[in-house]
>>> print(open('input.txt').read())   # compact mmCIF, C-alpha atoms
# COMPACT_ATOMS: atom_id res chain seq x y z
CA MET A 1 -4.30 14.58 -12.22
CA ALA A 2 -6.91 12.84 -10.23
CA ALA A 3 -7.68 10.74 -7.21
CA SER A 4 -10.82 9.16 -8.70
CA LEU A 5 -13.25 9.38 -11.59
CA ASP A 6 -16.65 11.00 -11.31
CA PHE A 7 -19.80 9.56 -12.91
CA ASP A 8 -22.81 11.80 -13.36
CA GLY A 9 -25.56 9.18 -13.12
CA SER A 10 -26.92 10.27 -16.46
CA ASN A 11 -24.95 8.76 -19.30
CA ASP A 12 -21.46 8.25 -17.91
CA TYR A 13 -19.80 4.85 -17.94
CA ILE A 14 -16.55 3.11 -18.77
CA ASP A 15 -16.39 0.09 -21.02
CA LEU A 16 -13.63 -2.42 -20.26
CA GLY A 17 -14.42 -4.59 -23.26
CA ASP A 18 -15.08 -8.32 -23.26
CA LEU A 19 -13.30 -8.93 -20.02
CA THR A 20 -12.34 -12.59 -20.26
CA ILE A 21 -10.08 -12.64 -17.23
CA LEU A 22 -12.67 -14.46 -15.16
CA ASP A 23 -13.86 -16.93 -17.76
CA GLY A 24 -13.79 -20.45 -16.43
CA THR A 25 -12.74 -19.48 -12.93
CA THR A 26 -14.47 -21.05 -9.97
CA GLU A 27 -13.71 -18.13 -7.70
CA PHE A 28 -13.42 -14.38 -7.91
CA THR A 29 -13.10 -11.22 -5.90
CA VAL A 30 -14.29 -7.82 -7.05
CA MET A 31 -13.38 -4.85 -4.91
CA PHE A 32 -13.44 -1.11 -5.25
CA HIS A 33 -13.73 2.20 -3.45
CA SER A 34 -16.81 4.26 -4.11
CA ASN A 35 -18.38 7.44 -2.93
CA ASN A 36 -22.03 6.96 -3.67
CA ASN A 37 -24.24 9.90 -4.44
CA ILE A 38 -27.49 8.02 -4.50
CA SER A 39 -29.85 10.91 -4.01
CA SER A 40 -31.03 10.04 -7.50
CA SER A 41 -33.79 7.50 -7.44
CA GLY A 42 -33.84 4.06 -8.98
CA ASN A 43 -31.26 1.37 -9.60
CA GLN A 44 -27.70 2.39 -10.19
CA SER A 45 -25.15 -0.15 -11.34
CA ILE A 46 -21.65 0.35 -10.03
CA LEU A 47 -20.14 -2.27 -12.29
CA GLY A 48 -20.85 -5.49 -14.08
CA ARG A 49 -21.75 -7.09 -17.36
CA SER A 50 -24.84 -8.64 -18.84
CA SER A 51 -25.76 -10.86 -21.70
CA GLY A 52 -29.36 -11.99 -21.81
CA GLY A 53 -29.46 -11.38 -18.09
CA ASP A 54 -27.06 -10.39 -15.40
CA ASN A 55 -23.79 -12.21 -15.59
CA LEU A 56 -22.16 -10.31 -12.81
CA GLY A 57 -23.31 -7.10 -11.27
CA VAL A 58 -23.05 -4.87 -8.25
CA LEU A 59 -25.72 -2.26 -8.02
CA VAL A 60 -27.17 0.07 -5.45
CA ARG A 61 -30.66 1.27 -4.87
CA ASN A 62 -31.66 4.48 -3.24
CA THR A 63 -32.70 2.79 -0.03
CA PRO A 64 -29.60 2.42 0.14
CA GLN A 65 -29.32 -1.28 -0.45
CA ILE A 66 -26.62 -3.04 -2.39
CA PHE A 67 -27.52 -5.94 -4.63
CA LEU A 68 -25.08 -8.47 -5.96
CA SER A 69 -26.10 -10.45 -8.95
CA LEU A 70 -24.67 -13.54 -10.55
CA ASN A 71 -26.63 -15.24 -13.25
CA PHE A 72 -25.53 -18.21 -15.24
CA ASN A 73 -28.11 -17.87 -17.95
CA LEU A 74 -30.72 -19.92 -16.17
CA GLY A 75 -33.45 -18.05 -17.88
CA GLY A 76 -34.32 -16.26 -14.70
CA THR A 77 -32.85 -13.78 -12.32
CA ALA A 78 -30.80 -15.03 -9.43
CA TYR A 79 -29.30 -12.51 -7.13
CA ILE A 80 -28.44 -11.85 -3.55
CA LYS A 81 -28.61 -8.62 -1.66
CA THR A 82 -27.16 -7.12 1.42
CA ALA A 83 -29.18 -7.16 4.60
CA GLY A 84 -29.02 -4.29 7.00
CA LEU A 85 -26.22 -2.51 5.21
CA SER A 86 -25.78 1.01 6.46
CA SER A 87 -23.98 3.63 4.45
CA VAL A 88 -24.02 7.38 4.16
CA ASP A 89 -24.19 9.34 0.95
CA ASN A 90 -21.08 11.20 -0.07
CA ASN A 91 -18.74 9.12 2.06
CA TRP A 92 -16.04 6.85 0.77
CA TYR A 93 -16.44 3.11 1.33
CA HIS A 94 -14.47 0.08 0.35
CA TYR A 95 -16.54 -2.83 -0.95
CA ALA A 96 -15.42 -6.35 -1.72
CA TRP A 97 -17.40 -9.30 -3.03
CA THR A 98 -15.77 -12.70 -2.96
CA TRP A 99 -17.29 -15.82 -4.51
CA ASN A 100 -16.33 -19.46 -4.33
CA SER A 101 -18.44 -21.86 -6.35
CA GLY A 102 -17.53 -24.81 -4.20
CA ILE A 103 -19.63 -23.71 -1.24
CA SER A 104 -23.33 -24.56 -1.17
CA PRO A 105 -25.76 -23.00 -1.83
CA GLN A 106 -23.67 -21.84 -4.68
CA LEU A 107 -24.58 -18.18 -4.99
CA LEU A 108 -25.35 -17.27 -1.40
CA GLY A 109 -23.16 -19.77 0.38
CA GLY A 110 -20.16 -19.03 -1.76
CA SER A 111 -20.43 -15.27 -1.49
CA ASN A 112 -19.04 -12.92 1.08
CA PHE A 113 -19.50 -9.19 0.94
CA TYR A 114 -17.52 -6.69 2.96
CA GLN A 115 -17.91 -3.00 3.65
CA ASN A 116 -14.66 -1.45 4.85
CA GLY A 117 -13.46 -4.96 5.61
CA LEU A 118 -16.44 -5.88 7.79
CA SER A 119 -18.68 -8.74 6.73
CA VAL A 120 -22.17 -7.78 5.57
CA SER A 121 -25.09 -10.18 5.91
CA LEU A 122 -26.51 -11.44 2.63
CA ILE A 123 -29.89 -12.84 1.77
CA ASN A 124 -31.09 -14.74 -1.27
CA HIS A 125 -33.65 -13.18 -3.51
CA VAL A 126 -34.03 -16.26 -5.65
CA ALA A 127 -32.66 -19.70 -4.82
CA GLY A 128 -29.61 -20.63 -6.82
CA GLY A 129 -30.92 -23.54 -8.87
CA ASN A 130 -28.67 -25.19 -11.42
CA LEU A 131 -25.79 -22.82 -11.34
CA PHE A 132 -22.70 -23.68 -13.27
CA THR A 133 -19.57 -24.42 -11.33
CA ASN A 134 -17.44 -21.87 -13.05
CA PHE A 135 -17.76 -18.40 -14.44
CA GLN A 136 -19.10 -18.50 -17.98
CA ASN A 137 -17.95 -16.43 -20.90
CA THR A 138 -20.55 -14.14 -22.35
CA ALA A 139 -20.61 -11.65 -25.14
CA GLY A 140 -21.37 -8.78 -22.78
CA ASN A 141 -18.71 -6.22 -22.08
CA PHE A 142 -17.70 -5.38 -18.55
CA GLN A 143 -18.57 -1.83 -17.57
CA LEU A 144 -18.03 0.60 -14.73
CA GLY A 145 -20.82 3.02 -13.90
CA LYS A 146 -23.44 0.72 -15.38
CA ARG A 147 -23.84 -2.84 -16.59
CA ALA A 148 -23.78 -3.61 -20.25
CA GLY A 149 -27.31 -4.37 -21.27
CA SER A 150 -28.82 -2.14 -18.61
CA THR A 151 -29.59 1.54 -18.34
CA ASP A 152 -28.87 1.74 -14.63
CA THR A 153 -26.21 4.42 -14.65
CA TRP A 154 -24.49 5.20 -11.38
CA ASN A 155 -23.93 8.55 -9.70
CA GLY A 156 -20.74 8.96 -7.67
CA GLN A 157 -16.99 8.67 -7.62
CA MET A 158 -15.03 5.48 -7.95
CA SER A 159 -11.41 4.36 -7.73
CA TYR A 160 -9.13 1.34 -7.28
CA ILE A 161 -11.21 -1.29 -9.07
CA ARG A 162 -9.57 -4.66 -8.53
CA ILE A 163 -10.54 -8.10 -9.83
CA TYR A 164 -8.93 -11.32 -8.60
CA ASN A 165 -9.36 -14.82 -9.96
CA ARG A 166 -9.71 -16.21 -6.45
CA ALA A 167 -11.80 -15.57 -3.37
CA LEU A 168 -9.74 -13.46 -1.00
CA SER A 169 -9.98 -14.10 2.73
CA GLN A 170 -11.47 -11.50 5.01
CA SER A 171 -8.02 -10.64 6.35
CA GLU A 172 -6.79 -10.08 2.81
CA VAL A 173 -9.76 -7.84 2.13
CA GLN A 174 -9.03 -5.91 5.30
CA ASP A 175 -5.44 -5.47 4.21
CA SER A 176 -6.76 -3.96 1.00
CA VAL A 177 -9.12 -1.40 2.50
CA TYR A 178 -6.46 1.25 2.99
CA LYS A 179 -3.72 -0.27 0.83
CA PRO A 180 -4.95 -0.81 -2.73
CA GLU A 181 -1.88 -2.78 -3.76
CA ALA A 182 -1.55 -4.90 -0.62
CA ILE A 183 -2.58 -8.16 -2.32
CA VAL A 184 -1.25 -9.08 -5.74
CA LYS A 185 -1.76 -12.87 -5.84
CA GLY A 186 -4.50 -13.58 -8.36
CA LEU A 187 -4.87 -9.96 -9.41
CA VAL A 188 -6.08 -10.03 -13.00
CA GLY A 189 -7.50 -6.52 -13.35
CA TYR A 190 -6.53 -3.26 -11.67
CA TRP A 191 -7.90 0.14 -12.62
CA PRO A 192 -6.88 2.87 -10.14
CA LEU A 193 -8.92 5.40 -12.16
CA TRP A 194 -6.33 8.12 -11.73
CA THR A 195 -6.99 9.51 -15.20
CA THR A 196 -9.56 9.30 -17.96
CA ALA A 197 -7.09 7.08 -19.82
CA VAL A 198 -8.48 4.27 -17.57
CA LYS A 199 -5.32 2.19 -17.61
CA ASP A 200 -5.35 -1.42 -16.46
CA LEU A 201 -2.21 -1.76 -14.32
CA SER A 202 -2.52 -5.52 -13.87
CA GLY A 203 -0.52 -6.18 -17.01
CA ASN A 204 -3.47 -7.69 -18.85
CA GLY A 205 -4.00 -4.58 -20.92
CA ASN A 206 -7.74 -4.19 -20.48
CA ASP A 207 -7.75 -0.41 -20.65
CA GLY A 208 -11.16 1.23 -20.55
CA THR A 209 -13.03 3.51 -22.90
CA ILE A 210 -15.12 6.36 -21.57
CA SER A 211 -18.64 7.17 -22.67
CA GLY A 212 -20.42 10.30 -21.61
CA THR A 213 -18.58 12.90 -19.57
CA VAL A 214 -16.71 10.94 -16.93
CA VAL A 215 -14.35 13.47 -15.37
CA GLU A 216 -11.33 13.38 -13.12
CA SER A 217 -11.91 14.27 -9.48
CA SER A 218 -9.51 15.44 -6.78
CA ALA A 219 -11.61 13.62 -4.17
CA GLY A 220 -10.47 10.16 -3.20
CA PRO A 221 -10.65 7.42 -0.58
CA PRO A 222 -8.40 7.11 2.48
CA VAL A 223 -5.55 5.02 1.12
CA TYR A 224 -1.79 4.88 1.25
CA PHE A 225 1.00 3.11 -0.58
CA PRO A 226 3.47 1.95 2.06
CA ASP A 227 6.17 0.83 -0.33
CA LEU A 228 6.75 4.27 -1.81
CA GLN A 229 9.78 6.05 -0.44
CA THR A 230 11.67 8.97 -1.86
CA ASN A 231 14.58 9.81 0.37
CA MET B 1 6.67 1.33 9.28
CA SER B 2 5.10 3.38 6.61
CA GLY B 3 5.78 7.02 6.44
CA ALA B 4 8.86 6.71 8.56
CA PHE B 5 12.09 5.99 6.84
CA ILE B 6 15.65 6.27 7.93
CA GLY B 7 18.17 7.07 5.30
CA GLY B 8 21.40 8.89 4.76
CA GLY B 9 20.58 12.56 4.80
CA GLY B 10 22.13 15.66 3.41
CA GLY B 11 24.80 17.58 5.10
CA GLY B 12 23.57 19.30 8.19
CA GLY B 13 25.80 20.19 11.06
CA ALA B 14 29.55 20.27 11.24
CA ALA B 15 31.77 18.02 9.18
CA THR B 16 32.59 15.89 12.20
CA ASN B 17 28.92 15.09 12.82
CA LEU B 18 27.01 12.21 11.35
CA PRO B 19 24.68 12.98 8.45
CA ASP B 20 21.17 13.98 9.38
CA ALA B 21 18.67 11.20 9.89
CA VAL B 22 15.87 11.61 7.34
CA PHE B 23 12.31 10.61 8.14
CA GLY B 24 9.03 10.92 6.32
CA GLY B 25 9.21 10.24 2.60
CA SER B 26 6.64 9.97 -0.13
CA ALA B 27 3.36 11.66 0.68
CA ALA B 28 1.43 8.71 -0.75
CA SER B 29 3.22 6.38 1.68
CA HIS B 30 2.11 8.40 4.67
CA GLN B 31 -0.70 6.84 6.63
CA VAL B 32 -4.22 8.16 7.05
CA ASN B 33 -6.38 8.84 10.07
CA THR B 34 -9.87 7.79 9.20
CA SER B 35 -11.49 9.97 11.86
CA THR B 36 -10.22 13.14 10.22
CA GLY B 37 -10.20 14.60 6.75
CA ILE B 38 -7.70 12.89 4.52
CA ALA B 39 -5.64 14.40 1.75
CA PRO B 40 -6.35 11.86 -1.00
CA VAL B 41 -3.69 10.11 -3.00
CA LYS B 42 -3.61 11.88 -6.32
CA TYR B 43 -1.88 11.01 -9.54
CA ARG B 44 0.20 13.67 -11.27
CA ASP B 45 1.58 13.38 -14.77
CA PHE B 46 4.55 15.65 -15.41
CA THR B 47 5.17 14.35 -18.94
CA ASP B 48 7.76 11.62 -18.33
CA ILE B 49 7.51 11.83 -14.56
CA GLU B 50 4.34 10.17 -13.33
CA ILE B 51 3.99 10.17 -9.59
CA LEU B 52 1.55 9.73 -6.74
CA THR B 53 1.05 12.76 -4.53
CA ARG B 54 -1.44 13.85 -1.90
CA GLY B 55 -3.69 16.71 -2.92
CA PHE B 56 -4.45 19.17 -0.10
CA ASN B 57 -7.29 21.60 -0.62
CA THR B 58 -8.23 24.47 1.65
CA THR B 59 -11.97 24.01 1.80
CA THR B 60 -11.64 21.15 4.29
CA THR B 61 -8.83 20.29 6.66
CA GLN B 62 -7.05 17.28 5.23
CA TYR B 63 -4.29 15.37 6.94
CA MET B 64 -1.57 12.84 6.36
CA GLN B 65 0.36 11.29 9.19
CA GLY B 66 3.47 9.31 10.09
CA PHE B 67 5.82 8.45 12.89
CA PHE B 68 9.49 7.88 13.58
CA LYS B 69 11.92 7.32 16.42
CA VAL B 70 14.19 10.18 17.40
CA PRO B 71 17.79 9.02 16.89
CA THR B 72 19.59 7.94 20.04
CA ASP B 73 22.54 10.07 18.92
CA LEU B 74 20.41 13.21 18.62
CA GLY B 75 22.34 16.40 17.96
CA ALA B 76 22.79 19.32 20.33
CA GLY B 77 19.75 21.29 21.41
CA ALA B 78 20.72 24.35 19.43
CA SER B 79 20.98 22.44 16.17
CA ASN B 80 18.16 22.66 13.69
CA VAL B 81 15.64 20.11 12.53
CA THR B 82 14.73 20.81 8.90
CA PHE B 83 11.19 20.24 7.63
CA GLU B 84 10.95 19.99 3.86
CA ILE B 85 7.74 19.83 1.85
CA ILE B 86 8.27 19.04 -1.81
CA GLY B 87 5.23 19.73 -3.91
CA SER B 88 3.56 21.48 -6.79
CA ALA B 89 0.40 23.49 -7.24
CA SER B 90 -2.30 21.59 -9.05
CA THR B 91 -2.93 24.74 -11.06
CA ALA B 92 -0.19 27.29 -10.71
CA ALA B 93 -0.95 30.99 -10.33
CA ALA B 94 1.16 34.07 -9.82
CA SER B 95 2.05 35.32 -6.34
CA LYS B 96 0.32 32.62 -4.35
CA ASN B 97 1.10 31.21 -0.93
CA VAL B 98 0.30 28.08 1.02
CA LYS B 99 0.18 27.35 4.72
CA PHE B 100 1.03 24.04 6.36
CA THR B 101 0.99 22.94 9.97
CA PHE B 102 2.97 20.13 11.58
CA ASP B 103 1.54 18.71 14.80
CA PHE B 104 3.15 16.01 16.85
CA VAL B 105 2.86 13.89 19.95
CA GLN B 106 5.99 12.62 21.64
CA VAL B 107 5.80 9.25 23.37
CA ALA B 108 8.45 7.75 25.63
CA ALA B 109 9.18 4.03 25.57
CA GLY B 110 6.34 2.34 27.40
CA GLY B 111 4.47 5.63 27.64
CA LEU B 112 0.82 6.32 27.05
CA MET B 113 -0.29 6.71 23.45
CA THR B 114 -3.32 8.78 24.34
CA GLY B 115 -1.80 12.24 24.17
CA ALA B 116 -3.36 14.92 21.99
CA TYR B 117 -1.55 16.52 19.11
CA GLY B 118 0.09 19.78 20.03
CA SER B 119 3.34 21.68 19.77
CA ALA B 120 2.52 22.79 16.26
CA GLU B 121 5.00 24.18 13.80
CA VAL B 122 3.13 26.59 11.54
CA TRP B 123 4.51 27.60 8.18
CA ASP B 124 2.31 30.38 6.86
CA ASP B 125 2.56 32.37 3.61
CA GLN B 126 4.98 30.01 1.97
CA ALA B 127 5.56 31.27 -1.56
CA ILE B 128 5.11 28.79 -4.37
CA SER B 129 6.06 28.82 -8.01
CA ALA B 130 3.84 30.58 -10.52
CA ILE B 131 4.94 28.20 -13.26
CA GLN B 132 2.73 25.22 -13.95
CA ASP B 133 4.30 21.85 -13.04
CA SER B 134 7.22 23.48 -11.25
CA GLN B 135 8.54 21.89 -8.12
CA ASP B 136 8.54 23.80 -4.83
CA ILE B 137 10.77 22.99 -1.91
CA ILE B 138 9.23 24.53 1.17
CA SER B 139 11.90 24.36 3.82
CA ASN B 140 11.69 25.49 7.43
CA THR B 141 13.77 24.85 10.53
CA GLU B 142 13.29 24.62 14.25
CA THR B 143 15.77 23.89 17.01
CA ILE B 144 15.70 20.63 18.88
CA THR B 145 15.34 22.57 22.10
CA ASN B 146 12.22 24.35 20.90
CA LEU B 147 10.72 21.13 19.61
CA GLY B 148 11.51 19.42 22.89
CA TRP B 149 12.43 16.16 21.19
CA VAL B 150 14.25 13.62 23.30
CA ALA B 151 16.54 10.92 21.93
CA GLY B 152 14.90 7.52 21.64
CA ARG B 153 11.33 8.72 21.86
CA GLU B 154 8.67 8.14 19.21
CA ILE B 155 7.25 11.12 17.37
CA TYR B 156 3.75 10.72 15.94
CA TYR B 157 2.98 13.55 13.58
CA ARG B 158 0.44 14.86 11.15
CA LEU B 159 0.67 17.47 8.43
CA TYR B 160 -2.21 19.54 7.18
CA ARG B 161 -2.89 22.55 5.04
CA SER B 162 -5.04 25.54 5.89
CA THR B 163 -5.71 28.94 4.35
CA ALA B 164 -2.65 31.14 4.04
CA THR B 165 -2.99 34.58 5.58
CA THR B 166 -2.21 36.37 2.34
CA ASN B 167 -2.63 35.37 -1.31
CA ASN B 168 -3.81 31.87 -0.55
CA LEU B 169 -3.65 29.35 -3.40
CA GLY B 170 -7.27 28.50 -4.06
CA THR B 171 -6.67 25.15 -5.75
CA ASP B 172 -5.13 21.89 -4.59
CA TYR B 173 -1.55 21.84 -3.50
CA ASP B 174 -0.09 18.44 -4.32
CA VAL B 175 2.56 17.26 -1.87
CA ILE B 176 5.06 14.83 -3.36
CA SER B 177 7.09 14.19 -0.23
CA PHE B 178 7.56 15.42 3.29
CA ASN B 179 10.99 15.00 4.82
CA ILE B 180 12.17 15.62 8.36
CA LEU B 181 15.94 15.97 8.66
CA VAL B 182 17.07 15.40 12.24
CA PRO B 183 20.68 16.32 13.17
CA ARG B 184 22.82 13.76 14.88
CA ALA B 185 25.79 14.30 17.16
>>> encode(input="input.txt", output="structure tokens")
Amino acid sequence: MAASLDFDGSNDYIDLGDLTILDGTTEFTVMFHSNNNISSSGNQSILGRSSGGDNLGVLVRNTPQIFLSLNFNLGGTAYIKTAGLSSVDNNWYHYAWTWNSGISPQLLGGSNFYQNGLSVSLINHVAGGNLFTNFQNTAGNFQLGKRAGSTDTWNGQMSYIRIYNRALSQSEVQDSVYKPEAIVKGLVGYWPLWTTAVKDLSGNGNDGTISGTVVESSAGPPVYFPDLQTN
Amino acid sequence: MSGAFIGGGGGGGAATNLPDAVFGGSAASHQVNTSTGIAPVKYRDFTDIEILTRGFNTTTTQYMQGFFKVPTDLGAGASNVTFEIIGSASTAAASKNVKFTFDFVQVAAGGLMTGAYGSAEVWDDQAISAIQDSQDIISNTETITNLGWVAGREIYYRLYRSTATTNNLGTDYDVISFNILVPRA
């Protein structure tokens, strides 16, 4: 009976297993609603997976600054971060990161990041280098509330995690800000986080497993489901 | 046109009248106003029935909103509009009440959209079931004359919960649907 799931920033996370839905794809979109409580210091990973380095990650720092990381096992750390992003603790935001490998430079040029549907400027931390042209499989599991291989647990509430195997347009992202199920084309993972059962409603069956004390919360983002009628 | 749905309604009015026009619908399909508190979409699991609701607390004022067009064949002024909230306490308790308020703005065709919400219908001390997972139907009426609704105009409305005067339910009240039954001539 919940509107979101609450992570304590200590040891809470959800493991989605070896999420292979993006393997080999040349594009993706990751979007979610989050209510960040980043009064805790240090890095906090909202979601991602790692294997010998970041494979995909979205994390926040207490500045607040949001970092996006994609690493294709180059032996180094390549990531981009938001520039001038403004957010307020304990407020719900919708975030979307789209990536298209065909746009140069591959990591920065192919990425767009949106807060509540508005484009956020991105800057490179490390130049892309010899990035692969598609998303590589790794042994790391995909996790919510931290990245596998890291200890950067996240403090806040989260809901409506969606992963697409294509880069959505800005207008599609904007459609999704208040309507979680507005776009279904390319949807390969969908976790509303309505219960601690962590069901994947995309049909791909990647249900999550909770570690720690992730609890259900009656707080949630401003969304609606326009196709529901009861009369 | 989310949150505004026309369907065949129940029997209101005399047998020679048309069925009521029914507006509103699922709480989760109602729109949100991002400049105000929002009653979040909330999942409820009633064993086999799994449904999306909106959970209204009383610690902050939380809204949902919708709109509809008053039927052109609106009933007589003395006939009643019925407002029906279907919901269930998140955690039921004995002898508890809830309070809901319905605000609206009426806009004529081509009229300004800048009017403030007013003309509230207030439903205070509405008794709810003490049995966990029971359904409540909170039904109230008001005449068309008192509402001042005019055929063909658009009604923009919002629904919110506040603290009941007596025996207020201290936990979430989860609204499943909100229906407005408008009599037709």
>>> interface_residues(input="input.txt", of="chain A", to="chain B", cutoff="12 Å", atoms="all atoms listed in the file", output="number ranges by chain")
A: 1-5, 91-93, 116, 159-160, 177-181, 192-197, 216-231
>>> write_last_selection(input="input.txt", atoms="C-alpha atoms", output="PDB file, in the frame of the given file")
ATOM      1  CA  MET A   1      -4.300  14.580 -12.220  1.00  0.00           C
ATOM      2  CA  ALA A   2      -6.910  12.840 -10.230  1.00  0.00           C
ATOM      3  CA  ALA A   3      -7.680  10.740  -7.210  1.00  0.00           C
ATOM      4  CA  SER A   4     -10.820   9.160  -8.700  1.00  0.00           C
ATOM      5  CA  LEU A   5     -13.250   9.380 -11.590  1.00  0.00           C
ATOM      6  CA  ASN A  91     -18.740   9.120   2.060  1.00  0.00           C
ATOM      7  CA  TRP A  92     -16.040   6.850   0.770  1.00  0.00           C
ATOM      8  CA  TYR A  93     -16.440   3.110   1.330  1.00  0.00           C
ATOM      9  CA  ASN A 116     -14.660  -1.450   4.850  1.00  0.00           C
ATOM     10  CA  SER A 159     -11.410   4.360  -7.730  1.00  0.00           C
ATOM     11  CA  TYR A 160      -9.130   1.340  -7.280  1.00  0.00           C
ATOM     12  CA  VAL A 177      -9.120  -1.400   2.500  1.00  0.00           C
ATOM     13  CA  TYR A 178      -6.460   1.250   2.990  1.00  0.00           C
ATOM     14  CA  LYS A 179      -3.720  -0.270   0.830  1.00  0.00           C
ATOM     15  CA  PRO A 180      -4.950  -0.810  -2.730  1.00  0.00           C
ATOM     16  CA  GLU A 181      -1.880  -2.780  -3.760  1.00  0.00           C
ATOM     17  CA  PRO A 192      -6.880   2.870 -10.140  1.00  0.00           C
ATOM     18  CA  LEU A 193      -8.920   5.400 -12.160  1.00  0.00           C
ATOM     19  CA  TRP A 194      -6.330   8.120 -11.730  1.00  0.00           C
ATOM     20  CA  THR A 195      -6.990   9.510 -15.200  1.00  0.00           C
ATOM     21  CA  THR A 196      -9.560   9.300 -17.960  1.00  0.00           C
ATOM     22  CA  ALA A 197      -7.090   7.080 -19.820  1.00  0.00           C
ATOM     23  CA  GLU A 216     -11.330  13.380 -13.120  1.00  0.00           C
ATOM     24  CA  SER A 217     -11.910  14.270  -9.480  1.00  0.00           C
ATOM     25  CA  SER A 218      -9.510  15.440  -6.780  1.00  0.00           C
ATOM     26  CA  ALA A 219     -11.610  13.620  -4.170  1.00  0.00           C
ATOM     27  CA  GLY A 220     -10.470  10.160  -3.200  1.00  0.00           C
ATOM     28  CA  PRO A 221     -10.650   7.420  -0.580  1.00  0.00           C
ATOM     29  CA  PRO A 222      -8.400   7.110   2.480  1.00  0.00           C
ATOM     30  CA  VAL A 223      -5.550   5.020   1.120  1.00  0.00           C
ATOM     31  CA  TYR A 224      -1.790   4.880   1.250  1.00  0.00           C
ATOM     32  CA  PHE A 225       1.000   3.110  -0.580  1.00  0.00           C
ATOM     33  CA  PRO A 226       3.470   1.950   2.060  1.00  0.00           C
ATOM     34  CA  ASP A 227       6.170   0.830  -0.330  1.00  0.00           C
ATOM     35  CA  LEU A 228       6.750   4.270  -1.810  1.00  0.00           C
ATOM     36  CA  GLN A 229       9.780   6.050  -0.440  1.00  0.00           C
ATOM     37  CA  THR A 230      11.670   8.970  -1.860  1.00  0.00           C
ATOM     38  CA  ASN A 231      14.580   9.810   0.370  1.00  0.00           C
TER      39      ASN A 231
END
>>> atom_distance(input="input.txt", atom1="CA of Arg153 (chain B)", atom2="CA of Ala116 (chain B)")
15.9 Å
>>> residues_around(input="input.txt", residues="Asn146 (chain B)", least_positions_apart="4", cutoff="9 Å", atoms="only C-alpha atoms", output="compact mmCIF listing (two decimals) with C-alpha atoms, in the coordinates of the input")
# COMPACT_ATOMS: atom_id res chain seq x y z
CA GLY B 77 19.75 21.29 21.41
CA ALA B 78 20.72 24.35 19.43
CA GLU B 142 13.29 24.62 14.25
>>> residues_near_point(input="input.txt", point="(0.7, 23.8, -5.5)", cutoff="8 Å", atoms="only C-alpha atoms", output="PyMOL selection string")
chain B and resi 87-92+98+128-129+136+169+171-175
>>> closest_residue(input="input.txt", among="A:Gly189, A:Gln170, A:Asn11, A:Thr20", to="Val120 (chain A)", atoms="all atoms listed in the file")
A:Gln170
>>> residues_around(input="input.txt", residues="Ala167 (chain A)", least_positions_apart="3", cutoff="12 Å", atoms="only C-alpha atoms", output="compact mmCIF listing (two decimals) with C-alpha atoms, keeping the file's coordinate frame")
# COMPACT_ATOMS: atom_id res chain seq x y z
CA LEU A 22 -12.67 -14.46 -15.16
CA THR A 25 -12.74 -19.48 -12.93
CA THR A 26 -14.47 -21.05 -9.97
CA GLU A 27 -13.71 -18.13 -7.70
CA PHE A 28 -13.42 -14.38 -7.91
CA THR A 29 -13.10 -11.22 -5.90
CA VAL A 30 -14.29 -7.82 -7.05
CA MET A 31 -13.38 -4.85 -4.91
CA ALA A 96 -15.42 -6.35 -1.72
CA TRP A 97 -17.40 -9.30 -3.03
CA THR A 98 -15.77 -12.70 -2.96
CA TRP A 99 -17.29 -15.82 -4.51
CA ASN A 100 -16.33 -19.46 -4.33
CA SER A 101 -18.44 -21.86 -6.35
CA GLY A 102 -17.53 -24.81 -4.20
CA ILE A 103 -19.63 -23.71 -1.24
CA GLY A 110 -20.16 -19.03 -1.76
CA SER A 111 -20.43 -15.27 -1.49
CA ASN A 112 -19.04 -12.92 1.08
CA PHE A 113 -19.50 -9.19 0.94
CA ILE A 163 -10.54 -8.10 -9.83
CA TYR A 164 -8.93 -11.32 -8.60
CA GLN A 170 -11.47 -11.50 5.01
CA SER A 171 -8.02 -10.64 6.35
CA GLU A 172 -6.79 -10.08 2.81
CA VAL A 173 -9.76 -7.84 2.13
CA ILE A 183 -2.58 -8.16 -2.32
CA LYS A 185 -1.76 -12.87 -5.84
CA GLY A 186 -4.50 -13.58 -8.36
CA LEU A 187 -4.87 -9.96 -9.41
>>> atom_distance(input="input.txt", atom1="CA of Leu201 (chain A)", atom2="CA of Thr47 (chain B)")
18.3 Å
>>> residues_around(input="input.txt", residues="Gly111 (chain B)", least_positions_apart="5", cutoff="12 Å", atoms="only C-alpha atoms", output="ChimeraX atom specification")
/B:105-106,153-155
>>> closest_residue(input="input.txt", among="B:Ile180, B:Ala120, B:Met113, B:Ala21", to="Tyr160 (chain B)", atoms="all atoms listed in the file")
B:Ala120
>>> atom_distance(input="input.txt", atom1="CA of Leu56 (chain A)", atom2="CA of Ser69 (chain A)")
5.5 Å
>>> residues_around(input="input.txt", residues="Glu121 (chain B)", least_positions_apart="6", cutoff="7 Å", atoms="only C-alpha atoms", output="ChimeraX atom specification")
/B:101-103
>>> axis_aligned_box(input="input.txt", around="region 81-100 of chain A", padding_each_side="4 Å", output="lines of an AutoDock Vina configuration file")
center_x = -21.8
center_y = -4.1
center_z = 1.2
size_x = 22.7
size_y = 38.7
size_z = 19.5
